[in-house]
file my_file03.cif (mmCIF, C-alpha atoms)
data_query
loop_
_atom_site.label_atom_id
_atom_site.label_comp_id
_atom_site.auth_asym_id
_atom_site.auth_seq_id
_atom_site.Cartn_x
_atom_site.Cartn_y
_atom_site.Cartn_z
CA MET A 1 4.46 39.10 32.53
CA ALA A 2 6.23 40.22 29.35
CA MET A 3 9.60 40.19 31.11
CA ALA A 4 8.92 36.74 32.57
CA TYR A 5 7.85 35.48 29.13
CA VAL A 6 11.03 36.71 27.41
CA LYS A 7 13.20 35.27 30.18
CA ALA A 8 11.46 31.91 29.70
CA LEU A 9 12.06 32.09 25.94
CA ILE A 10 15.84 32.33 26.43
CA ALA A 11 15.92 29.90 29.37
CA PRO A 12 16.87 26.21 28.96
CA VAL A 13 13.22 25.17 28.71
CA GLU A 14 12.80 22.17 26.43
CA ARG A 15 9.59 23.30 24.77
CA LYS A 16 8.49 26.93 25.11
CA SER A 17 4.75 26.17 25.09
CA GLY A 18 2.18 27.75 27.42
CA TRP A 19 2.45 24.98 30.03
CA GLN A 20 6.24 24.90 30.16
CA ILE A 21 6.58 28.69 30.22
CA ALA A 22 4.03 28.80 33.05
CA GLU A 23 5.97 26.17 35.00
CA HIS A 24 9.23 28.04 34.46
CA VAL A 25 7.84 31.32 35.83
CA GLY A 26 6.17 29.56 38.76
CA HIS A 27 2.51 29.45 37.73
CA ALA A 28 0.37 26.42 38.57
CA THR A 29 -1.54 26.63 35.28
CA PRO A 30 -0.96 28.30 31.89
CA ASP A 31 -4.03 30.52 32.33
CA ARG A 32 -2.08 33.73 32.86
CA VAL A 33 0.26 33.01 29.94
CA GLN A 34 -2.74 32.37 27.69
CA TRP A 35 -4.43 35.55 28.90
CA PHE A 36 -1.24 37.53 28.28
CA LEU A 37 -0.98 36.35 24.67
CA GLY A 38 -4.63 36.21 23.72
CA ARG A 39 -6.77 38.56 25.77
CA SER A 40 -4.65 41.22 27.48
CA THR A 41 -4.43 44.74 26.05
CA TRP A 42 -1.12 45.58 24.44
CA CYS A 43 0.10 46.20 20.90
CA ALA A 44 2.58 43.83 19.30
CA ASP A 45 3.33 46.40 16.59
CA GLN A 46 4.50 48.92 19.18
CA LEU A 47 6.81 46.28 20.63
CA ARG A 48 8.07 45.57 17.10
CA ASP A 49 8.88 49.26 16.64
CA ALA A 50 10.73 49.39 19.97
CA LEU A 51 12.61 46.21 19.05
CA ARG A 52 13.65 47.69 15.70
CA SER A 53 14.96 50.83 17.45
CA PHE A 54 16.90 48.68 19.92
CA VAL A 55 18.57 46.69 17.14
CA VAL A 56 19.40 49.78 15.10
CA ARG A 57 20.87 51.52 18.15
CA PHE A 58 23.62 48.90 18.39
CA LEU A 59 23.98 47.57 14.83
CA ALA A 60 23.30 50.64 12.68
CA ARG A 61 25.49 50.96 9.58
CA GLU A 62 24.83 53.02 6.48
CA ASP A 63 25.69 49.94 4.41
CA GLY A 64 23.33 47.72 6.43
CA VAL A 65 21.15 45.24 4.54
CA LEU A 66 17.43 44.58 4.90
CA VAL A 67 16.91 40.89 4.14
CA LEU A 68 13.49 39.51 3.20
CA ASP A 69 12.59 35.85 3.54
CA GLU A 70 9.84 33.58 4.79
CA THR A 71 9.62 30.56 7.03
CA ALA A 72 6.88 27.99 7.65
CA PHE A 73 5.37 26.69 10.87
CA VAL A 74 3.96 23.19 10.35
CA LYS A 75 0.62 22.58 12.11
CA LYS A 76 -1.64 19.58 12.63
CA GLY A 77 -5.02 21.34 12.83
CA ARG A 78 -6.77 23.83 10.57
CA MET A 79 -7.93 26.46 13.10
CA SER A 80 -4.78 28.56 13.55
CA ALA A 81 -4.87 31.86 11.68
CA GLY A 82 -3.54 31.49 8.14
CA VAL A 83 -2.94 27.73 8.29
CA ALA A 84 -3.45 25.96 4.96
CA PRO A 85 -1.76 23.44 2.66
CA GLN A 86 1.13 25.49 1.23
CA TYR A 87 4.81 25.18 0.41
CA ALA A 88 7.10 24.90 3.43
CA GLY A 89 10.72 25.70 2.68
CA SER A 90 11.93 23.79 5.74
CA THR A 91 10.64 20.50 4.32
CA GLY A 92 10.66 21.34 0.61
CA GLN A 93 7.09 20.18 0.06
CA ILE A 94 3.45 21.12 0.56
CA GLU A 95 2.52 21.02 4.24
CA ASN A 96 -0.37 22.05 6.43
CA CYS A 97 1.32 25.13 7.84
CA GLN A 98 1.42 28.82 8.51
CA VAL A 99 3.84 30.90 6.46
CA ALA A 100 5.25 34.21 7.65
CA VAL A 101 7.41 36.83 5.96
CA PHE A 102 10.25 38.32 8.01
CA CYS A 103 12.70 41.17 7.61
CA ALA A 104 16.17 40.99 9.15
CA TYR A 105 18.63 43.82 9.65
CA ALA A 106 22.14 42.60 8.85
CA THR A 107 25.53 44.22 9.05
CA ASP A 108 29.06 42.85 9.21
CA SER A 109 28.88 43.00 13.02
CA GLY A 110 25.51 41.35 13.68
CA ARG A 111 22.00 40.55 12.51
CA ALA A 112 18.50 40.32 14.01
CA LEU A 113 14.86 40.00 12.95
CA ILE A 114 13.10 43.36 13.05
CA ASP A 115 9.73 42.81 11.36
CA ARG A 116 7.21 40.05 10.62
CA GLU A 117 3.86 39.49 8.90
CA LEU A 118 1.68 36.40 8.84
CA TYR A 119 0.66 35.51 5.28
CA LEU A 120 -3.05 34.91 4.68
CA PRO A 121 -3.81 32.44 1.84
CA ALA A 122 -6.76 32.97 -0.51
CA SER A 123 -8.82 30.31 1.29
CA TRP A 124 -8.80 32.49 4.41
CA CYS A 125 -9.53 35.77 2.66
CA ALA A 126 -12.57 34.15 1.05
CA ASP A 127 -13.99 33.00 4.41
CA ALA A 128 -15.05 36.03 6.50
CA GLY A 129 -16.48 33.88 9.28
CA ARG A 130 -13.26 31.96 9.69
CA CYS A 131 -11.32 35.23 9.87
CA ARG A 132 -13.66 36.60 12.54
CA THR A 133 -13.18 33.46 14.62
CA GLN A 134 -9.43 33.98 14.75
CA ARG A 135 -9.79 37.75 15.19
CA ILE A 136 -8.05 38.65 11.96
CA PRO A 137 -8.45 42.42 11.33
CA ARG A 138 -10.92 43.06 8.57
CA PRO A 139 -8.55 45.13 6.37
CA ARG A 140 -6.04 42.24 6.45
CA ALA A 141 -8.70 39.68 5.50
CA LYS A 142 -10.32 41.56 2.63
CA ALA A 143 -7.95 40.47 -0.13
CA VAL A 144 -4.87 38.35 -0.61
CA VAL A 145 -1.67 40.32 -0.09
CA THR A 146 1.30 38.64 -1.75
CA LYS A 147 4.44 37.82 0.19
CA PRO A 148 6.57 40.29 -1.85
CA GLU A 149 4.00 42.99 -1.05
CA LEU A 150 4.32 42.17 2.66
CA GLY A 151 8.07 42.55 2.25
CA ARG A 152 7.66 45.90 0.51
CA ARG A 153 5.53 47.14 3.41
CA MET A 154 8.27 46.18 5.86
CA ILE A 155 10.84 48.13 3.85
CA GLU A 156 8.52 51.15 3.86
CA ARG A 157 8.17 50.94 7.63
CA CYS A 158 11.96 50.92 7.93
CA ARG A 159 12.22 53.96 5.68
CA ARG A 160 9.63 55.86 7.72
CA ALA A 161 11.48 54.94 10.91
CA ARG A 162 14.73 56.19 9.30
CA VAL A 163 16.52 52.90 9.70
CA PRO A 164 19.96 53.32 8.10
CA PHE A 165 20.42 50.77 5.34
CA GLY A 166 22.08 50.70 1.96
CA TRP A 167 20.67 47.56 0.38
CA VAL A 168 17.78 45.09 0.19
CA ALA A 169 18.51 41.40 -0.39
CA ALA A 170 16.17 38.46 -0.95
CA ASP A 171 15.86 35.06 -2.57
CA SER A 172 14.13 34.32 -5.88
CA ALA A 173 10.61 34.23 -4.37
CA TYR A 174 10.99 38.01 -4.00
CA GLY A 175 13.56 38.72 -6.71
CA GLN A 176 11.26 37.51 -9.48
CA ASP A 177 8.50 39.88 -8.36
CA ARG A 178 8.89 42.77 -10.79
CA LYS A 179 6.52 45.03 -8.82
CA LEU A 180 8.79 44.79 -5.77
CA ARG A 181 11.90 45.52 -7.83
CA ALA A 182 10.21 48.47 -9.52
CA ALA A 183 9.10 49.90 -6.16
CA LEU A 184 12.67 49.77 -4.87
CA GLU A 185 14.03 51.38 -8.02
CA ARG A 186 11.54 54.26 -7.82
CA ARG A 187 12.85 54.96 -4.31
CA ARG A 188 16.49 54.59 -5.43
CA ILE A 189 17.07 51.65 -3.10
CA PRO A 190 19.86 49.31 -4.25
CA TYR A 191 19.10 45.60 -4.15
CA VAL A 192 20.61 42.17 -4.78
CA MET A 193 17.93 39.53 -5.32
CA ALA A 194 18.14 35.99 -6.62
CA VAL A 195 16.15 35.30 -9.79
CA PRO A 196 15.32 32.04 -11.57
CA ALA A 197 17.29 31.01 -14.64
CA ASP A 198 14.34 31.81 -16.92
CA GLU A 199 14.07 35.44 -15.83
CA THR A 200 14.40 37.80 -18.79
CA VAL A 201 17.30 40.19 -19.24
CA HIS A 202 17.75 42.70 -22.05
CA THR A 203 20.64 44.42 -23.78
CA HIS A 204 20.74 46.35 -27.05
CA ALA A 205 23.08 43.73 -28.51
CA THR A 206 21.13 40.62 -27.53
CA GLY A 207 17.54 41.75 -27.12
CA ASN A 208 15.51 39.77 -24.60
CA LEU A 209 17.13 36.56 -23.36
CA ARG A 210 16.74 34.20 -20.44
CA ALA A 211 19.36 34.82 -17.78
CA ASP A 212 20.97 31.42 -18.31
CA ALA A 213 21.05 31.86 -22.10
CA PHE A 214 22.58 35.33 -21.73
CA ALA A 215 25.31 34.00 -19.43
CA THR A 216 26.11 31.32 -22.00
CA GLN A 217 26.22 33.59 -25.06
CA ILE A 218 28.06 36.56 -23.57
CA PRO A 219 31.68 36.04 -22.47
CA LEU A 220 31.76 36.80 -18.76
CA LEU A 221 34.87 37.57 -16.75
CA PHE A 222 34.70 35.55 -13.53
CA GLU A 223 36.72 36.32 -10.43
CA ARG A 224 37.00 34.26 -7.26
CA ARG A 225 35.70 35.92 -4.11
CA SER A 226 34.34 34.97 -0.71
CA CYS A 227 30.85 36.18 0.21
CA GLY A 228 31.50 35.65 3.92
CA ALA A 229 32.53 33.11 6.49
CA GLY A 230 30.68 29.80 6.65
CA ALA A 231 30.74 26.86 9.03
CA LYS A 232 33.65 25.38 7.06
CA GLY A 233 35.54 28.58 6.32
CA PRO A 234 35.18 31.27 3.65
CA ARG A 235 32.29 30.72 1.22
CA SER A 236 34.20 31.25 -2.00
CA CYS A 237 32.69 31.12 -5.49
CA ASP A 238 33.41 32.49 -8.94
CA TRP A 239 31.47 35.70 -9.69
CA ALA A 240 30.79 37.78 -12.79
CA LEU A 241 28.85 40.98 -13.48
CA ALA A 242 27.20 42.18 -16.68
CA GLU A 243 25.27 45.38 -17.29
CA VAL A 244 21.75 44.62 -18.51
CA THR A 245 18.23 45.99 -18.31
CA TRP A 246 15.61 44.21 -16.24
CA PRO A 247 12.22 44.39 -17.98
CA GLY A 248 9.41 45.37 -15.67
CA GLY A 249 11.54 47.70 -13.59
CA ALA A 250 10.79 51.33 -12.86
CA GLU A 251 9.41 53.31 -15.78
CA GLY A 252 12.19 54.31 -18.16
CA GLY A 253 14.78 52.00 -16.63
CA PRO A 254 17.06 52.73 -13.68
CA ARG A 255 17.23 56.29 -12.36
CA ARG A 256 20.13 58.54 -13.22
CA GLY A 257 23.26 57.38 -11.45
CA TYR A 258 22.02 53.79 -11.09
CA VAL A 259 22.44 50.67 -13.24
CA HIS A 260 20.88 47.27 -13.68
CA LEU A 261 23.31 44.36 -13.42
CA LEU A 262 23.19 40.60 -13.70
CA LEU A 263 25.33 38.90 -11.06
CA VAL A 264 26.30 35.31 -11.85
CA ARG A 265 27.61 32.92 -9.22
CA ARG A 266 29.39 29.73 -10.26
CA SER A 267 30.41 26.93 -7.92
CA ILE A 268 34.13 26.19 -7.74
CA THR A 269 33.72 22.46 -7.18
CA ASP A 270 30.85 22.02 -9.66
CA PRO A 271 30.86 24.68 -12.42
CA SER A 272 27.46 23.47 -13.61
CA GLN A 273 25.90 24.92 -10.46
CA ILE A 274 25.11 28.48 -11.45
CA ALA A 275 22.85 31.02 -9.75
CA TYR A 276 21.61 34.39 -11.03
CA PHE A 277 20.89 37.65 -9.22
CA ALA A 278 19.17 40.84 -10.25
CA VAL A 279 21.15 43.87 -9.07
CA HIS A 280 20.14 47.51 -8.90
CA ALA A 281 23.06 49.61 -7.70
CA LYS A 282 24.74 52.98 -7.96
CA SER A 283 26.99 53.33 -10.98
CA GLY A 284 30.53 52.27 -10.19
CA THR A 285 29.63 49.98 -7.28
CA PRO A 286 32.46 47.42 -7.07
CA ILE A 287 31.69 43.73 -7.41
CA GLY A 288 33.15 43.10 -3.95
CA GLU A 289 30.41 45.21 -2.34
CA ILE A 290 27.69 43.41 -4.28
CA VAL A 291 29.09 40.01 -3.31
CA ARG A 292 29.21 41.16 0.34
CA VAL A 293 25.52 42.03 0.23
CA MET A 294 24.69 38.71 -1.39
CA GLY A 295 26.54 36.94 1.40
CA LEU A 296 24.59 38.80 4.09
CA ARG A 297 21.37 37.49 2.54
CA TRP A 298 22.02 34.19 4.31
CA SER A 299 22.05 35.90 7.70
CA ILE A 300 18.28 35.65 7.95
CA GLU A 301 18.56 31.86 7.81
CA ASP A 302 20.88 32.05 10.82
CA CYS A 303 18.27 34.20 12.57
CA PHE A 304 15.55 31.63 11.88
CA GLU A 305 17.69 28.78 13.11
CA THR A 306 18.68 30.53 16.35
CA ALA A 307 15.20 31.91 17.00
CA LYS A 308 13.65 28.46 16.61
CA SER A 309 16.27 26.55 18.59
CA ASP A 310 16.98 29.08 21.36
CA CYS A 311 14.02 31.50 21.52
CA GLY A 312 10.94 29.35 20.89
CA LEU A 313 9.96 31.04 17.64
CA ASP A 314 8.04 27.94 16.49
CA HIS A 315 7.03 26.56 19.91
CA TYR A 316 3.78 28.49 20.23
CA GLU A 317 0.34 26.93 20.73
CA VAL A 318 -1.86 29.90 19.84
CA ARG A 319 -4.51 30.25 17.16
CA THR A 320 -5.61 33.88 16.91
CA TRP A 321 -4.02 36.63 14.84
CA ASP A 322 -3.04 38.84 17.78
CA ALA A 323 -1.68 35.97 19.87
CA TRP A 324 0.51 34.80 16.98
CA HIS A 325 2.01 38.26 16.43
CA ARG A 326 2.57 38.71 20.15
CA HIS A 327 4.46 35.46 20.61
CA ILE A 328 6.51 35.94 17.45
CA THR A 329 7.45 39.51 18.38
CA LEU A 330 8.46 38.49 21.90
CA SER A 331 10.58 35.70 20.42
CA MET A 332 12.21 38.25 18.09
CA ALA A 333 12.90 40.45 21.12
CA ALA A 334 14.58 37.53 22.87
CA LEU A 335 16.72 36.89 19.78
CA ALA A 336 17.65 40.59 19.58
CA PHE A 337 18.72 40.55 23.23
CA LEU A 338 20.97 37.54 22.65
CA THR A 339 22.39 39.04 19.44
CA ILE A 340 23.16 42.46 20.88
CA THR A 341 24.60 40.99 24.08
CA ALA A 342 26.90 38.73 22.06
CA THR A 343 27.92 41.59 19.76
CA ARG A 344 28.71 43.98 22.61
CA THR A 345 30.63 41.28 24.50
CA HIS A 346 32.66 40.48 21.39
CA ASN A 347 33.49 44.16 20.87
CA LEU A 348 34.56 44.55 24.52
CA GLU A 349 36.87 41.55 24.17
CA GLN A 350 38.56 42.89 21.04
CA PRO A 351 41.93 44.44 21.98
CA ASP A 352 42.87 47.87 20.82
CA VAL A 353 44.77 47.12 17.62
CA THR A 354 46.73 50.37 17.70
CA ALA A 355 47.97 49.57 21.20
CA GLN A 356 49.51 46.33 19.89
CA LEU A 357 51.50 47.97 17.11
CA PRO A 358 55.22 48.16 17.92
CA THR A 359 56.92 51.51 17.74
CA PRO A 360 59.01 51.39 14.54
CA THR A 361 62.71 51.93 15.00
CA THR A 362 63.21 52.51 11.30
CA PRO A 363 61.00 54.26 8.74
CA ILE A 364 58.07 52.12 7.63
CA GLY A 365 58.80 50.19 4.46
CA THR A 366 62.56 50.09 4.90
CA GLY A 367 62.78 47.22 7.37
CA LYS A 368 63.28 43.54 6.65
CA GLY A 369 60.72 42.19 4.26
CA GLY A 370 59.85 45.63 2.87
#
call {"tool": "encode", "arguments": {"input": "my_file03.cif", "output": "structure tokens"}}
result
Amino acid sequence: MAMAYVKALIAPVERKSGWQIAEHVGHATPDRVQWFLGRSTWCADQLRDALRSFVVRFLAREDGVLVLDETAFVKKGRMSAGVAPQYAGSTGQIENCQVAVFCAYATDSGRALIDRELYLPASWCADAGRCRTQRIPRPRAKAVVTKPELGRRMIERCRRARVPFGWVAADSAYGQDRKLRAALERRRIPYVMAVPADETVHTHATGNLRADAFATQIPLLFERRSCGAGAKGPRSCDWALAEVTWPGGAEGGPRRGYVHLLLVRRSITDPSQIAYFAVHAKSGTPIGEIVRVMGLRWSIEDCFETAKSDCGLDHYEVRTWDAWHRHITLSMAALAFLTITATRTHNLEQPDVTAQLPTPTTPIGTGKGG
């Protein structure tokens, strides 16, 4: 049933709901699909762990990036686990929705979702009966766990599983959480995280200043770099780095051999558009590497878009905690299959560069054009 479900998720089925998946696999009713998601006995977390190992097997790089972000699933009713009026990034306003935190593994050769957690708002944690109805595990329903804390747990799971990665990247919803930054610094994990303009930075010369005020008062040396390829070509901006101290970090500041940095991004076409990033990195890390990591942060948005359009990530019609995690994990597995297949196919199609090099008839560097 699991194999049939994943095949249906990547098939050209218009809407990957219980009825349409059942029709695709040849069932007269969706009863078996509903049983598989809601009442059968299997562990979605074990599938998640196997999925993570599969992704790492083909994409592993020591400079890989763990990317944290969240996405919303808009709902009409109020019975689905975790549904409540809350901010939905996809619409930019408060919606009746579920919100989930995801972790993607991104390298220069590919990216895939490898972990997920459904966020439980305070209104759910305060209603034990409602949690029991949707089979939410009691430890999860006891107290509100913030989204950055869910992200930190995902990073810890990756560390325990010995996933090779060199960086963590996230947007400002996670970058402004000082507890998350401090936890990464204690473990000597480099990060590049967006922060709001009013986040505080500190230097001995300036004292405490807002990030935007610091960037205005201190002369910064900008250089033009691309943070990766976009739909319309290289995504080039002007970038600058300054060594600072981020209040609220690990006790005593960054560990020996590491530094705190403020990364500033300025739009080429509109210099008034400026973004700020908190950086924790090894001393001497070049700006090009930091910009590369910042560019890979957007890979999780590509994962969301593909998973929703091609793998039915948001097509589910389930209400319980277990059923939600099962569908989402199966959808992530379908996305991983597509990603790894595309990556391996691309690598097979790449010609051997050394085989194309002509045999020089004169010593290198002495021919025409130097």
call {"tool": "resolve_selection", "arguments": {"input": "my_file03.cif", "expression": "the PyMOL selection byres ((chain A and resi 116) around 6)", "output": "tab-separated table (two decimals) with C-alpha atoms, in the frame of the given file"}}
result
chain	number	residue	atom	x	y	z
A	101	VAL	CA	7.41	36.83	5.96
A	102	PHE	CA	10.25	38.32	8.01
A	115	ASP	CA	9.73	42.81	11.36
A	117	GLU	CA	3.86	39.49	8.90
call {"tool": "resolve_selection", "arguments": {"input": "my_file03.cif", "expression": "the PyMOL selection byres ((chain A and resi 142) around 10)", "output": "list in words"}}
result
Ala122, Trp124, Cys125, Ala126, Asp127, Ala128, Cys131, Pro137, Arg138, Pro139, Arg140, Ala141, Ala143, Val144 and Val145 of chain A
call {"tool": "resolve_selection", "arguments": {"input": "my_file03.cif", "expression": "the PyMOL selection byres ((chain A and resi 77-81) around 12)", "output": "PDB file with C-alpha atoms, in the frame of the given file"}}
result
ATOM      1  CA  PHE A  73       5.370  26.690  10.870  1.00  0.00           C
ATOM      2  CA  VAL A  74       3.960  23.190  10.350  1.00  0.00           C
ATOM      3  CA  LYS A  75       0.620  22.580  12.110  1.00  0.00           C
ATOM      4  CA  LYS A  76      -1.640  19.580  12.630  1.00  0.00           C
ATOM      5  CA  GLY A  82      -3.540  31.490   8.140  1.00  0.00           C
ATOM      6  CA  VAL A  83      -2.940  27.730   8.290  1.00  0.00           C
ATOM      7  CA  ALA A  84      -3.450  25.960   4.960  1.00  0.00           C
ATOM      8  CA  PRO A  85      -1.760  23.440   2.660  1.00  0.00           C
ATOM      9  CA  GLU A  95       2.520  21.020   4.240  1.00  0.00           C
ATOM     10  CA  ASN A  96      -0.370  22.050   6.430  1.00  0.00           C
ATOM     11  CA  CYS A  97       1.320  25.130   7.840  1.00  0.00           C
ATOM     12  CA  GLN A  98       1.420  28.820   8.510  1.00  0.00           C
ATOM     13  CA  VAL A  99       3.840  30.900   6.460  1.00  0.00           C
ATOM     14  CA  ALA A 100       5.250  34.210   7.650  1.00  0.00           C
ATOM     15  CA  GLU A 117       3.860  39.490   8.900  1.00  0.00           C
ATOM     16  CA  LEU A 118       1.680  36.400   8.840  1.00  0.00           C
ATOM     17  CA  TYR A 119       0.660  35.510   5.280  1.00  0.00           C
ATOM     18  CA  LEU A 120      -3.050  34.910   4.680  1.00  0.00           C
ATOM     19  CA  PRO A 121      -3.810  32.440   1.840  1.00  0.00           C
ATOM     20  CA  SER A 123      -8.820  30.310   1.290  1.00  0.00           C
ATOM     21  CA  TRP A 124      -8.800  32.490   4.410  1.00  0.00           C
ATOM     22  CA  CYS A 125      -9.530  35.770   2.660  1.00  0.00           C
ATOM     23  CA  ASP A 127     -13.990  33.000   4.410  1.00  0.00           C
ATOM     24  CA  GLY A 129     -16.480  33.880   9.280  1.00  0.00           C
ATOM     25  CA  ARG A 130     -13.260  31.960   9.690  1.00  0.00           C
ATOM     26  CA  CYS A 131     -11.320  35.230   9.870  1.00  0.00           C
ATOM     27  CA  ARG A 132     -13.660  36.600  12.540  1.00  0.00           C
ATOM     28  CA  THR A 133     -13.180  33.460  14.620  1.00  0.00           C
ATOM     29  CA  GLN A 134      -9.430  33.980  14.750  1.00  0.00           C
ATOM     30  CA  ARG A 135      -9.790  37.750  15.190  1.00  0.00           C
ATOM     31  CA  ILE A 136      -8.050  38.650  11.960  1.00  0.00           C
ATOM     32  CA  PRO A 137      -8.450  42.420  11.330  1.00  0.00           C
ATOM     33  CA  ARG A 140      -6.040  42.240   6.450  1.00  0.00           C
ATOM     34  CA  ALA A 141      -8.700  39.680   5.500  1.00  0.00           C
ATOM     35  CA  TYR A 316       3.780  28.490  20.230  1.00  0.00           C
ATOM     36  CA  GLU A 317       0.340  26.930  20.730  1.00  0.00           C
ATOM     37  CA  VAL A 318      -1.860  29.900  19.840  1.00  0.00           C
ATOM     38  CA  ARG A 319      -4.510  30.250  17.160  1.00  0.00           C
ATOM     39  CA  THR A 320      -5.610  33.880  16.910  1.00  0.00           C
ATOM     40  CA  TRP A 321      -4.020  36.630  14.840  1.00  0.00           C
ATOM     41  CA  ASP A 322      -3.040  38.840  17.780  1.00  0.00           C
ATOM     42  CA  ALA A 323      -1.680  35.970  19.870  1.00  0.00           C
ATOM     43  CA  TRP A 324       0.510  34.800  16.980  1.00  0.00           C
ATOM     44  CA  HIS A 325       2.010  38.260  16.430  1.00  0.00           C
TER      45      HIS A 325
END
call {"tool": "residues_around", "arguments": {"input": "my_file03.cif", "residues": "segment 21-36 of chain A", "least_positions_apart": "2", "cutoff": "9 Å", "atoms": "all atoms listed in the file", "output": "list in words"}}
result
Met1, Ala2, Ala4, Tyr5, Lys7, Ala8, Leu9, Ala11, Val13, Arg15, Lys16, Ser17, Gly18, Trp19, Gly38, Arg39, Ser40, Thr41, Trp42, Val318 and Ala323 of chain A
call {"tool": "residues_around", "arguments": {"input": "my_file03.cif", "residues": "segment 196-203 of chain A", "least_positions_apart": "2", "cutoff": "6 Å", "atoms": "only C-alpha atoms", "output": "PDB file with C-alpha atoms, in the frame of the given file"}}
result
ATOM      1  CA  ALA A 205      23.080  43.730 -28.510  1.00  0.00           C
ATOM      2  CA  THR A 206      21.130  40.620 -27.530  1.00  0.00           C
ATOM      3  CA  GLY A 207      17.540  41.750 -27.120  1.00  0.00           C
ATOM      4  CA  ASN A 208      15.510  39.770 -24.600  1.00  0.00           C
ATOM      5  CA  LEU A 209      17.130  36.560 -23.360  1.00  0.00           C
ATOM      6  CA  ARG A 210      16.740  34.200 -20.440  1.00  0.00           C
ATOM      7  CA  ALA A 211      19.360  34.820 -17.780  1.00  0.00           C
ATOM      8  CA  ASP A 212      20.970  31.420 -18.310  1.00  0.00           C
ATOM      9  CA  VAL A 244      21.750  44.620 -18.510  1.00  0.00           C
ATOM     10  CA  THR A 245      18.230  45.990 -18.310  1.00  0.00           C
ATOM     11  CA  TRP A 246      15.610  44.210 -16.240  1.00  0.00           C
TER      12      TRP A 246
END
call {"tool": "residues_around", "arguments": {"input": "my_file03.cif", "residues": "Glu185 of chain A", "least_positions_apart": "6", "cutoff": "12 Å", "atoms": "only C-alpha atoms", "output": "mmCIF file with C-alpha atoms, in the frame of the given file"}}
result
data_model
loop_
_atom_site.group_PDB
_atom_site.id
_atom_site.type_symbol
_atom_site.label_atom_id
_atom_site.label_comp_id
_atom_site.auth_asym_id
_atom_site.auth_seq_id
_atom_site.Cartn_x
_atom_site.Cartn_y
_atom_site.Cartn_z
ATOM 1 C CA ARG A 152 7.660 45.900 0.510
ATOM 2 C CA TRP A 167 20.670 47.560 0.380
ATOM 3 C CA VAL A 168 17.780 45.090 0.190
ATOM 4 C CA ARG A 178 8.890 42.770 -10.790
ATOM 5 C CA LYS A 179 6.520 45.030 -8.820
ATOM 6 C CA TYR A 191 19.100 45.600 -4.150
ATOM 7 C CA VAL A 192 20.610 42.170 -4.780
ATOM 8 C CA TRP A 246 15.610 44.210 -16.240
ATOM 9 C CA GLY A 248 9.410 45.370 -15.670
ATOM 10 C CA GLY A 249 11.540 47.700 -13.590
ATOM 11 C CA ALA A 250 10.790 51.330 -12.860
ATOM 12 C CA GLU A 251 9.410 53.310 -15.780
ATOM 13 C CA GLY A 252 12.190 54.310 -18.160
ATOM 14 C CA GLY A 253 14.780 52.000 -16.630
ATOM 15 C CA PRO A 254 17.060 52.730 -13.680
ATOM 16 C CA ARG A 255 17.230 56.290 -12.360
ATOM 17 C CA ARG A 256 20.130 58.540 -13.220
ATOM 18 C CA GLY A 257 23.260 57.380 -11.450
ATOM 19 C CA TYR A 258 22.020 53.790 -11.090
ATOM 20 C CA VAL A 259 22.440 50.670 -13.240
ATOM 21 C CA HIS A 260 20.880 47.270 -13.680
ATOM 22 C CA ALA A 278 19.170 40.840 -10.250
ATOM 23 C CA VAL A 279 21.150 43.870 -9.070
ATOM 24 C CA HIS A 280 20.140 47.510 -8.900
ATOM 25 C CA ALA A 281 23.060 49.610 -7.700
ATOM 26 C CA LYS A 282 24.740 52.980 -7.960
#
call {"tool": "closest_residue", "arguments": {"input": "my_file03.cif", "among": "A:Arg111, A:Lys147, A:Arg48, A:Arg61", "to": "Thr343 of chain A", "atoms": "all atoms listed in the file"}}
result
A:Arg111
call {"tool": "closest_residue", "arguments": {"input": "my_file03.cif", "among": "A:Met193, A:Leu37, A:Ala336, A:Ile300", "to": "Cys103 of chain A", "atoms": "all atoms listed in the file"}}
result
A:Ile300
call {"tool": "atom_distance", "arguments": {"input": "my_file03.cif", "atom1": "atom CA of Val55 of chain A", "atom2": "atom CA of Gly89 of chain A"}}
result
26.7 Å
call {"tool": "residues_around", "arguments": {"input": "my_file03.cif", "residues": "Gln273 of chain A", "least_positions_apart": "6", "cutoff": "12 Å", "atoms": "all atoms listed in the file", "output": "ChimeraX atom specification"}}
result
/A:197,212,237-238,264-267
call {"tool": "residues_around", "arguments": {"input": "my_file03.cif", "residues": "Leu47 of chain A", "least_positions_apart": "4", "cutoff": "8 Å", "atoms": "only C-alpha atoms", "output": "list in words"}}
result
Cys43, Leu51 and Thr329 of chain A
call {"tool": "write_last_selection", "arguments": {"input": "my_file03.cif", "atoms": "C-alpha atoms", "output": "PDB file, in the coordinates of the input"}}
result
ATOM      1  CA  CYS A  43       0.100  46.200  20.900  1.00  0.00           C
ATOM      2  CA  LEU A  51      12.610  46.210  19.050  1.00  0.00           C
ATOM      3  CA  THR A 329       7.450  39.510  18.380  1.00  0.00           C
TER       4      THR A 329
END
call {"tool": "residues_near_point", "arguments": {"input": "my_file03.cif", "point": "(41.9, 33.6, -6.7)", "cutoff": "12 Å", "atoms": "all atoms listed in the file", "output": "list in words"}}
result
Phe222, Glu223, Arg224, Arg225, Ser226, Ser236, Cys237, Asp238, Trp239 and Ile268 of chain A
call {"tool": "atom_distance", "arguments": {"input": "my_file03.cif", "atom1": "atom CA of Ile328 of chain A", "atom2": "atom CA of Ala112 of chain A"}}
result
13.2 Å
call {"tool": "closest_residue", "arguments": {"input": "my_file03.cif", "among": "A:Val163, A:Leu338, A:Cys303, A:Leu220", "to": "Arg52 of chain A", "atoms": "all atoms listed in the file"}}
result
A:Val163
call {"tool": "closest_residue", "arguments": {"input": "my_file03.cif", "among": "A:Gly175, A:Pro12, A:Pro164, A:Gly110", "to": "Phe277 of chain A", "atoms": "all atoms listed in the file"}}
result
A:Gly175
